[in-house]
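J.: My questions will all concern the structure given below.
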Amino acid sequence: MDHPLKILHLEDLSADAEIVDRILRKAKFNFEKKVVVDKPDFIRALHEFQPDIILSDHSLPAFNSLEALRITRAEGIAAPLILVTATVSEEYAVSVIKEGASDYILKDRLERLPNAMLNALDKRQMEIARQVADEALRSSEQKYKLLFQANPMPMWMFSLETQHIIDVNEAAIAHYGYSKEEFLSLKTSALWNDWNPGLYRSGIGKHKKKDGTIIDVEVIAHDLVHDDEKVILILAIDITEKLRAQASLARQSENQRKLITQTSIQAQEKEREEIGKELHDNINQILAATKMYLDIGINESNEEEVSQILLKSHQNLTKAMEEIRQLSQSLVAPSLGDLSLDQAIAGLVDGLPNTAAFRVSVDASGYKGEVTDEGIKLTLYRIVQVQLSNIIKHAKASHVTIHLRKTDNVELTIVDDGVGFLPGKKTSGIGLRNIRNRVDFYNGNMTIISEPGKGCTVIAKIPLGIIGG
């Protein structure tokens, strides 16, 4: 498609509309989208916006997807409609499909949406091709001949009575490898099995080329009369590579889902282990020492000794409270509130625990203007938090520099002068995998530069555009 795909989206939740935008951008769609929330705007957009495809939530105030579909068809708009909803019964989904919807996608399965849209658009294109073919056939035999022979898609016709092919175009000859004489000597069973088309029927099957190659094809069949004989006109579209690509995409999607799930579980287990160590090795020891002081103080009669014991106990409790506060801050998602991102990062650096034996410099001179998307702000804040934790535990660094820049992207760079590592061999690091998953969610990219003895540089870039600006 030369022009951007025009998408009309009937959705009353802006957050859900933005998620759909992200899914389509990640799938490399070139599109222009208009979001409407009620019936008058929807009807107006059908004519003024002239969409190529329509996405519709199921239930809106005083409006639903079935009514939207019926209005679309009543207004003479042929654009395919896909139901995109959080929850719907299977019976209702089937009823909407029977009414003419192309597909339905649940919002927790939005990774299926790009393929569903491609399939719907492909089907629409085939319908247009069929309509064009049908109109040409009705207009004149000469136009039909021109359309048939010059069509770039493989086409042939066979006798309904004998099942023999009686004519074939050049595209079919070139694609299947048979000469015209060989093609005309075939029966339809040589090209597909167990398929009985009718008027305007379509289906997917397997065809065999002359060299024995089996291909997957989508076939459109049309009944007509040719030279006083009942025939069936066939339009065949080779979808072998398309199906392979879809299967590969599905495998990649499943592998990515499994990796994210595995990383999440590992991160949770690691987090629990760290909390247990912190409670046992640090906070519990402080509280145990405090209890010991208080046990002594209970039986101590010397007021001066009791005063010293109470003072030490008070100091220990203050220290324990501070350790618990720092532990809580590392676990609970912060509300950055009115703080800008650079201010929040500076506060995080100021609150580093005493075990951090390195100096930290923050350079935010290139950070002009604020990121308005709270999700992106929190993601970048967490990336700094995770990488500083990695440096404390593993890097043995003496100095860390954090650079923050904002243009069309927001770019975060964290550099340490620690022991470094070989990125290609470090496959099990949960912290770095966690950062990469966070960046990927916003269609960003992450770069790791490191060598043994030469420290580590982590660069995260997240595009802003409409969403993050």
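Here, A, B, ... name the chains of the structure tokens in the order displayed, residue numbers run from 1 inside each chain, and ligands are numbered from 1 in the same displayed order.
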I need the residues in stretch 159-228 of chain A that are strand (DSSP E or B) according to DSSP; give them as a ChimeraX atom specification.

T.: /A:159,164-168,187,201-208,214-226

J.: Quick one: residues within 10 Å of stretch 363-377 of chain A, only C-alpha atoms, excluding same-chain residues fewer than 5 positions away - as a VMD selection string?

T.: chain A and resid 335 to 337 339 to 346 382 to 383 401 to 407 409 to 413 438 to 439 441 to 442 462 to 464 466 to 469

J.: Let me see the file: selected residues, N, CA and C atoms, as a tab-separated table (two decimals), in the first residue's frame.

T.:
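part-v6.tsv, written as the output of this step:
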chain	number	residue	atom	x	y	z
A	335	SER	N	6.09	6.77	43.38
A	335	SER	CA	5.29	7.77	42.70
A	335	SER	C	6.17	9.00	42.54
A	336	LEU	N	6.62	9.26	41.31
A	336	LEU	CA	7.56	10.35	41.11
A	336	LEU	C	6.90	11.71	41.31
A	337	GLY	N	5.57	11.72	41.26
A	337	GLY	CA	4.84	12.93	41.57
A	337	GLY	C	5.28	14.11	40.72
A	339	LEU	N	8.21	15.42	40.73
A	339	LEU	CA	9.63	15.37	40.44
A	339	LEU	C	9.85	15.12	38.95
A	340	SER	N	10.81	15.85	38.37
A	340	SER	CA	11.23	15.53	37.01
A	340	SER	C	12.10	14.29	37.06
A	341	LEU	N	12.33	13.69	35.90
A	341	LEU	CA	13.11	12.45	35.85
A	341	LEU	C	14.52	12.67	36.36
A	342	ASP	N	15.17	13.79	35.97
A	342	ASP	CA	16.53	14.03	36.44
A	342	ASP	C	16.57	14.25	37.95
A	343	GLN	N	15.54	14.90	38.50
A	343	GLN	CA	15.47	15.09	39.96
A	343	GLN	C	15.29	13.75	40.68
A	344	ALA	N	14.44	12.87	40.11
A	344	ALA	CA	14.20	11.57	40.73
A	344	ALA	C	15.48	10.73	40.73
A	345	ILE	N	16.24	10.78	39.62
A	345	ILE	CA	17.49	10.02	39.55
A	345	ILE	C	18.51	10.58	40.54
A	346	ALA	N	18.57	11.92	40.66
A	346	ALA	CA	19.48	12.52	41.64
A	346	ALA	C	19.12	12.08	43.06
A	382	ARG	N	13.65	2.88	37.03
A	382	ARG	CA	13.94	1.50	37.44
A	382	ARG	C	15.22	0.99	36.78
A	383	ILE	N	15.49	1.40	35.54
A	383	ILE	CA	16.73	0.97	34.87
A	383	ILE	C	17.94	1.47	35.65
A	401	THR	N	29.07	7.17	36.09
A	401	THR	CA	28.52	8.39	35.49
A	401	THR	C	27.19	8.06	34.82
A	402	ILE	N	26.18	8.87	35.10
A	402	ILE	CA	24.86	8.71	34.50
A	402	ILE	C	24.59	9.92	33.61
A	403	HIS	N	24.37	9.66	32.31
A	403	HIS	CA	24.04	10.73	31.36
A	403	HIS	C	22.57	10.59	30.97
A	404	LEU	N	21.86	11.72	30.95
A	404	LEU	CA	20.44	11.73	30.57
A	404	LEU	C	20.24	12.81	29.52
A	405	ARG	N	19.69	12.39	28.33
A	405	ARG	CA	19.44	13.31	27.24
A	405	ARG	C	18.01	13.13	26.73
A	406	LYS	N	17.45	14.19	26.14
A	406	LYS	CA	16.10	14.11	25.58
A	406	LYS	C	16.04	14.92	24.29
A	407	THR	N	15.71	14.21	23.19
A	407	THR	CA	15.42	14.87	21.91
A	407	THR	C	14.12	14.25	21.41
A	409	ASN	N	14.11	11.12	21.16
A	409	ASN	CA	14.21	9.96	22.05
A	409	ASN	C	14.59	10.46	23.43
A	410	VAL	N	14.42	9.60	24.41
A	410	VAL	CA	15.07	9.86	25.70
A	410	VAL	C	16.17	8.81	25.80
A	411	GLU	N	17.40	9.28	26.06
A	411	GLU	CA	18.57	8.41	26.06
A	411	GLU	C	19.21	8.41	27.44
A	412	LEU	N	19.37	7.23	28.00
A	412	LEU	CA	19.97	7.05	29.32
A	412	LEU	C	21.24	6.22	29.15
A	413	THR	N	22.37	6.76	29.63
A	413	THR	CA	23.66	6.06	29.55
A	413	THR	C	24.24	5.94	30.95
A	438	ARG	N	12.24	-4.15	29.72
A	438	ARG	CA	11.57	-2.87	29.97
A	438	ARG	C	11.70	-1.96	28.75
A	439	VAL	N	12.90	-1.91	28.15
A	439	VAL	CA	13.13	-1.05	26.99
A	439	VAL	C	12.34	-1.55	25.78
A	441	PHE	N	9.54	-3.05	25.69
A	441	PHE	CA	8.11	-2.79	25.84
A	441	PHE	C	7.73	-1.46	25.19
A	442	TYR	N	8.66	-0.49	25.21
A	442	TYR	CA	8.38	0.83	24.63
A	442	TYR	C	9.03	0.99	23.25
A	462	ILE	N	14.66	5.20	24.23
A	462	ILE	CA	13.23	4.98	24.08
A	462	ILE	C	12.64	6.11	23.25
A	463	PRO	N	11.96	5.77	22.12
A	463	PRO	CA	11.36	6.83	21.30
A	463	PRO	C	10.21	7.50	22.02
A	464	LEU	N	10.07	8.79	21.81
A	464	LEU	CA	8.99	9.51	22.49
A	464	LEU	C	7.84	9.76	21.53
A	466	ILE	N	4.54	10.76	19.80
A	466	ILE	CA	3.24	11.17	20.37
A	466	ILE	C	3.07	10.64	21.77
A	467	ILE	N	3.53	9.38	22.01
A	467	ILE	CA	3.25	8.74	23.29
A	467	ILE	C	4.05	9.36	24.42
A	468	GLY	N	5.38	9.50	24.21
A	468	GLY	CA	6.22	9.90	25.32
A	468	GLY	C	6.50	11.38	25.41
A	469	GLY	N	6.07	12.17	24.44
A	469	GLY	CA	6.44	13.59	24.40
A	469	GLY	C	5.91	14.35	25.56

J.: So how far away is atom CA of A:Ser179 from atom CA of A:Ala150, in Å?

T.: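 Atom-to-atom, atom CA of A:Ala150 to atom CA of A:Ser179, that is 16.9 Å.
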
J.: Mind checking which residues fall within 8 Å of A:His9, counting only C-alpha atoms, ignoring those fewer than 2 positions away in the same chain, and posting them as a list in words?

T.: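 That gives Ile7, Glu11, Ala17, Lys33, Lys34, Val35, Val36, Ile54, Leu55 and Ser56 of chain A.
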
J.: From the options A:Asp52, A:Gly347, A:Val168, A:Ile459, which residue's atoms come nearest to A:Gln125, counting only C-alpha atoms?

T.: A:Asp52

J.: Let me make sure I understand: among A:Leu83, A:Ile23, A:Val362, A:Met446, which one has the smallest atom-to-atom distance to A:Leu348 if we use only C-alpha atoms?

T.: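 Closest to A:Leu348, using only C-alpha atoms: A:Val362.
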
J.: Looking at only C-alpha atoms, which of A:Glu75, A:Asp295, A:Asp12, A:Glu90 is the one that sits closest to A:Ser59?

T.: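 Looking at the shortest contact to A:Ser59, the residue is A:Asp12.
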
J.: Enumerate, as a ChimeraX atom specification, the complete set of residues in stretch 328-463 of chain A that a backbone-based DSSP assignment places in helix (DSSP H, G or I).

T.: /A:328-331,341-350,374-395,430-441

J.: Produce a file of the selected residues containing N, CA and C atoms, as a tab-separated table (two decimals), in the first residue's frame.

T.:
chain	number	residue	atom	x	y	z
A	328	SER	N	12.46	-0.92	51.51
A	328	SER	CA	11.11	-0.67	50.99
A	328	SER	C	11.16	0.17	49.72
A	329	GLN	N	12.04	1.18	49.69
A	329	GLN	CA	12.15	2.03	48.51
A	329	GLN	C	12.59	1.24	47.28
A	330	SER	N	13.42	0.23	47.50
A	330	SER	CA	13.90	-0.57	46.37
A	330	SER	C	12.84	-1.51	45.84
A	331	LEU	N	11.79	-1.79	46.64
A	331	LEU	CA	10.77	-2.78	46.25
A	331	LEU	C	9.50	-2.14	45.71
A	341	LEU	N	12.33	13.69	35.90
A	341	LEU	CA	13.11	12.45	35.85
A	341	LEU	C	14.52	12.67	36.36
A	342	ASP	N	15.17	13.79	35.97
A	342	ASP	CA	16.53	14.03	36.44
A	342	ASP	C	16.57	14.25	37.95
A	343	GLN	N	15.54	14.90	38.50
A	343	GLN	CA	15.47	15.09	39.96
A	343	GLN	C	15.29	13.75	40.68
A	344	ALA	N	14.44	12.87	40.11
A	344	ALA	CA	14.20	11.57	40.73
A	344	ALA	C	15.48	10.73	40.73
A	345	ILE	N	16.24	10.78	39.62
A	345	ILE	CA	17.49	10.02	39.55
A	345	ILE	C	18.51	10.58	40.54
A	346	ALA	N	18.57	11.92	40.66
A	346	ALA	CA	19.48	12.52	41.64
A	346	ALA	C	19.12	12.08	43.06
A	347	GLY	N	17.81	12.03	43.35
A	347	GLY	CA	17.38	11.57	44.68
A	347	GLY	C	17.74	10.12	44.91
A	348	LEU	N	17.63	9.29	43.87
A	348	LEU	CA	18.00	7.88	43.99
A	348	LEU	C	19.49	7.74	44.29
A	349	VAL	N	20.31	8.54	43.64
A	349	VAL	CA	21.77	8.51	43.87
A	349	VAL	C	22.09	8.95	45.29
A	350	ASP	N	21.41	10.01	45.75
A	350	ASP	CA	21.66	10.51	47.12
A	350	ASP	C	21.31	9.47	48.17
A	374	GLU	N	4.24	8.83	32.24
A	374	GLU	CA	4.68	8.37	33.55
A	374	GLU	C	5.27	6.96	33.49
A	375	GLY	N	4.76	6.13	32.57
A	375	GLY	CA	5.29	4.78	32.43
A	375	GLY	C	6.74	4.79	31.97
A	376	ILE	N	7.07	5.66	31.00
A	376	ILE	CA	8.45	5.76	30.52
A	376	ILE	C	9.35	6.32	31.63
A	377	LYS	N	8.86	7.33	32.36
A	377	LYS	CA	9.66	7.88	33.46
A	377	LYS	C	10.00	6.80	34.48
A	378	LEU	N	8.98	6.01	34.88
A	378	LEU	CA	9.21	4.98	35.87
A	378	LEU	C	10.15	3.90	35.33
A	379	THR	N	10.02	3.57	34.03
A	379	THR	CA	10.90	2.57	33.42
A	379	THR	C	12.36	3.03	33.49
A	380	LEU	N	12.63	4.29	33.13
A	380	LEU	CA	14.00	4.80	33.16
A	380	LEU	C	14.53	4.87	34.58
A	381	TYR	N	13.67	5.25	35.52
A	381	TYR	CA	14.06	5.28	36.94
A	381	TYR	C	14.45	3.88	37.41
A	382	ARG	N	13.65	2.88	37.03
A	382	ARG	CA	13.94	1.50	37.44
A	382	ARG	C	15.22	0.99	36.78
A	383	ILE	N	15.49	1.40	35.54
A	383	ILE	CA	16.73	0.97	34.87
A	383	ILE	C	17.94	1.47	35.65
A	384	VAL	N	17.90	2.74	36.07
A	384	VAL	CA	19.00	3.28	36.89
A	384	VAL	C	19.12	2.49	38.18
A	385	GLN	N	17.98	2.21	38.82
A	385	GLN	CA	17.97	1.49	40.09
A	385	GLN	C	18.56	0.09	39.94
A	386	VAL	N	18.13	-0.64	38.87
A	386	VAL	CA	18.62	-2.00	38.66
A	386	VAL	C	20.11	-2.01	38.35
A	387	GLN	N	20.57	-1.09	37.46
A	387	GLN	CA	21.99	-1.10	37.08
A	387	GLN	C	22.89	-0.67	38.24
A	388	LEU	N	22.45	0.29	39.06
A	388	LEU	CA	23.24	0.65	40.23
A	388	LEU	C	23.36	-0.53	41.19
A	389	SER	N	22.28	-1.30	41.32
A	389	SER	CA	22.33	-2.51	42.16
A	389	SER	C	23.31	-3.51	41.58
A	390	ASN	N	23.30	-3.68	40.24
A	390	ASN	CA	24.27	-4.58	39.59
A	390	ASN	C	25.70	-4.14	39.87
A	391	ILE	N	25.95	-2.83	39.78
A	391	ILE	CA	27.30	-2.30	39.99
A	391	ILE	C	27.75	-2.53	41.42
A	392	ILE	N	26.84	-2.30	42.39
A	392	ILE	CA	27.18	-2.52	43.80
A	392	ILE	C	27.59	-3.97	44.04
A	393	LYS	N	26.83	-4.91	43.42
A	393	LYS	CA	27.05	-6.33	43.71
A	393	LYS	C	28.23	-6.92	42.94
A	394	HIS	N	28.47	-6.45	41.70
A	394	HIS	CA	29.40	-7.17	40.83
A	394	HIS	C	30.57	-6.36	40.29
A	395	ALA	N	30.44	-5.04	40.13
A	395	ALA	CA	31.38	-4.30	39.30
A	395	ALA	C	32.69	-3.94	39.99
A	430	ILE	N	20.03	-11.68	35.17
A	430	ILE	CA	18.62	-11.31	35.26
A	430	ILE	C	18.45	-9.80	35.21
A	431	GLY	N	19.39	-9.06	35.87
A	431	GLY	CA	19.28	-7.61	35.91
A	431	GLY	C	19.30	-6.99	34.53
A	432	LEU	N	20.29	-7.38	33.69
A	432	LEU	CA	20.38	-6.83	32.34
A	432	LEU	C	19.22	-7.29	31.47
A	433	ARG	N	18.76	-8.54	31.65
A	433	ARG	CA	17.61	-9.02	30.89
A	433	ARG	C	16.36	-8.25	31.28
A	434	ASN	N	16.24	-7.93	32.55
A	434	ASN	CA	15.11	-7.14	33.06
A	434	ASN	C	15.09	-5.76	32.39
A	435	ILE	N	16.29	-5.12	32.30
A	435	ILE	CA	16.38	-3.81	31.66
A	435	ILE	C	15.97	-3.91	30.20
A	436	ARG	N	16.47	-4.95	29.49
A	436	ARG	CA	16.16	-5.09	28.07
A	436	ARG	C	14.65	-5.27	27.85
A	437	ASN	N	13.99	-6.07	28.69
A	437	ASN	CA	12.55	-6.28	28.56
A	437	ASN	C	11.78	-4.98	28.76
A	438	ARG	N	12.24	-4.15	29.72
A	438	ARG	CA	11.57	-2.87	29.97
A	438	ARG	C	11.70	-1.96	28.75
A	439	VAL	N	12.90	-1.91	28.15
A	439	VAL	CA	13.13	-1.05	26.99
A	439	VAL	C	12.34	-1.55	25.78
A	440	ASP	N	12.32	-2.88	25.56
A	440	ASP	CA	11.60	-3.45	24.42
A	440	ASP	C	10.11	-3.14	24.48
A	441	PHE	N	9.54	-3.05	25.69
A	441	PHE	CA	8.11	-2.79	25.84
A	441	PHE	C	7.73	-1.46	25.19

J.: One decimal, in Å: what's the spacing between atom CA of A:Asp338 and atom CA of A:Val20?

T.: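 So the answer is 28.4 Å.
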
J.: I need the residue nearest A:Ile43 from this list: A:Asn115, A:Ser398, A:Thr72, A:Asn151. Use only C-alpha atoms for the distance.

T.: A:Thr72

J.: Could you list, as number ranges by chain, every residue within 10 Å of stretch 299-313 of chain A, counting only C-alpha atoms and ignoring same-chain residues fewer than 6 positions away?

T.: A: 286-287, 289-293, 319

J.: Quick one: write out the picked residues with N, CA and C atoms as a PDB file, in the first residue's frame?

T.:
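Result file follows (result-v2.pdb):
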ATOM      1  N   ILE A 286      20.974  -6.381  63.726  1.00  0.00           N
ATOM      2  CA  ILE A 286      20.811  -5.127  64.473  1.00  0.00           C
ATOM      3  C   ILE A 286      19.774  -5.306  65.580  1.00  0.00           C
ATOM      4  N   LEU A 287      18.634  -5.935  65.229  1.00  0.00           N
ATOM      5  CA  LEU A 287      17.570  -6.126  66.227  1.00  0.00           C
ATOM      6  C   LEU A 287      17.993  -7.115  67.307  1.00  0.00           C
ATOM      7  N   ALA A 289      21.058  -7.551  68.425  1.00  0.00           N
ATOM      8  CA  ALA A 289      21.956  -6.817  69.323  1.00  0.00           C
ATOM      9  C   ALA A 289      21.153  -5.905  70.243  1.00  0.00           C
ATOM     10  N   THR A 290      20.124  -5.271  69.696  1.00  0.00           N
ATOM     11  CA  THR A 290      19.276  -4.384  70.512  1.00  0.00           C
ATOM     12  C   THR A 290      18.583  -5.168  71.622  1.00  0.00           C
ATOM     13  N   LYS A 291      18.065  -6.352  71.287  1.00  0.00           N
ATOM     14  CA  LYS A 291      17.411  -7.198  72.293  1.00  0.00           C
ATOM     15  C   LYS A 291      18.398  -7.578  73.399  1.00  0.00           C
ATOM     16  N   MET A 292      19.647  -7.890  72.992  1.00  0.00           N
ATOM     17  CA  MET A 292      20.643  -8.260  73.988  1.00  0.00           C
ATOM     18  C   MET A 292      20.902  -7.092  74.948  1.00  0.00           C
ATOM     19  N   TYR A 293      21.035  -5.868  74.386  1.00  0.00           N
ATOM     20  CA  TYR A 293      21.226  -4.690  75.240  1.00  0.00           C
ATOM     21  C   TYR A 293      20.058  -4.518  76.214  1.00  0.00           C
ATOM     22  N   LYS A 319      18.936   2.819  63.190  1.00  0.00           N
ATOM     23  CA  LYS A 319      19.645   2.220  62.057  1.00  0.00           C
ATOM     24  C   LYS A 319      18.777   1.166  61.368  1.00  0.00           C
TER      25      LYS A 319
END

J.: Could you tell me how far atom CA of A:Gly424 sits from atom CA of A:Val360, in Å to one decimal place?

T.: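 Those two atoms sit 26.9 Å apart.
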
J.: Have a look at A:Ala68, A:Leu186, A:Lys209, A:Ile237 and name the one nearest to A:Asp41; count only C-alpha atoms.

T.: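 Between A:Ala68, A:Leu186, A:Lys209, A:Ile237, the residue approaching A:Asp41 most closely is A:Ala68.
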
J.: Can you tell me which residues surround A:Leu233 at a distance of at most 8 Å, considering only C-alpha atoms, apart from same-chain residues fewer than 4 positions away, and format the answer as a PyMOL selection string?

T.: chain A and resi 155-158+221-224

J.: Can you spit out the residues from that selection as a CSV table (one decimal), in the first residue's frame, using C-alpha atoms?

T.:
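In the end it all went to again14.csv:
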chain,number,residue,atom,x,y,z
A,155,MET,CA,-6.2,-18.2,-13.1
A,156,TRP,CA,-7.9,-21.1,-14.9
A,157,MET,CA,-11.4,-22.5,-15.5
A,158,PHE,CA,-12.6,-26.0,-15.6
A,221,ALA,CA,-14.0,-19.8,-7.1
A,222,HIS,CA,-16.8,-18.3,-9.2
A,223,ASP,CA,-19.5,-20.2,-11.1
A,224,LEU,CA,-20.2,-18.9,-14.6
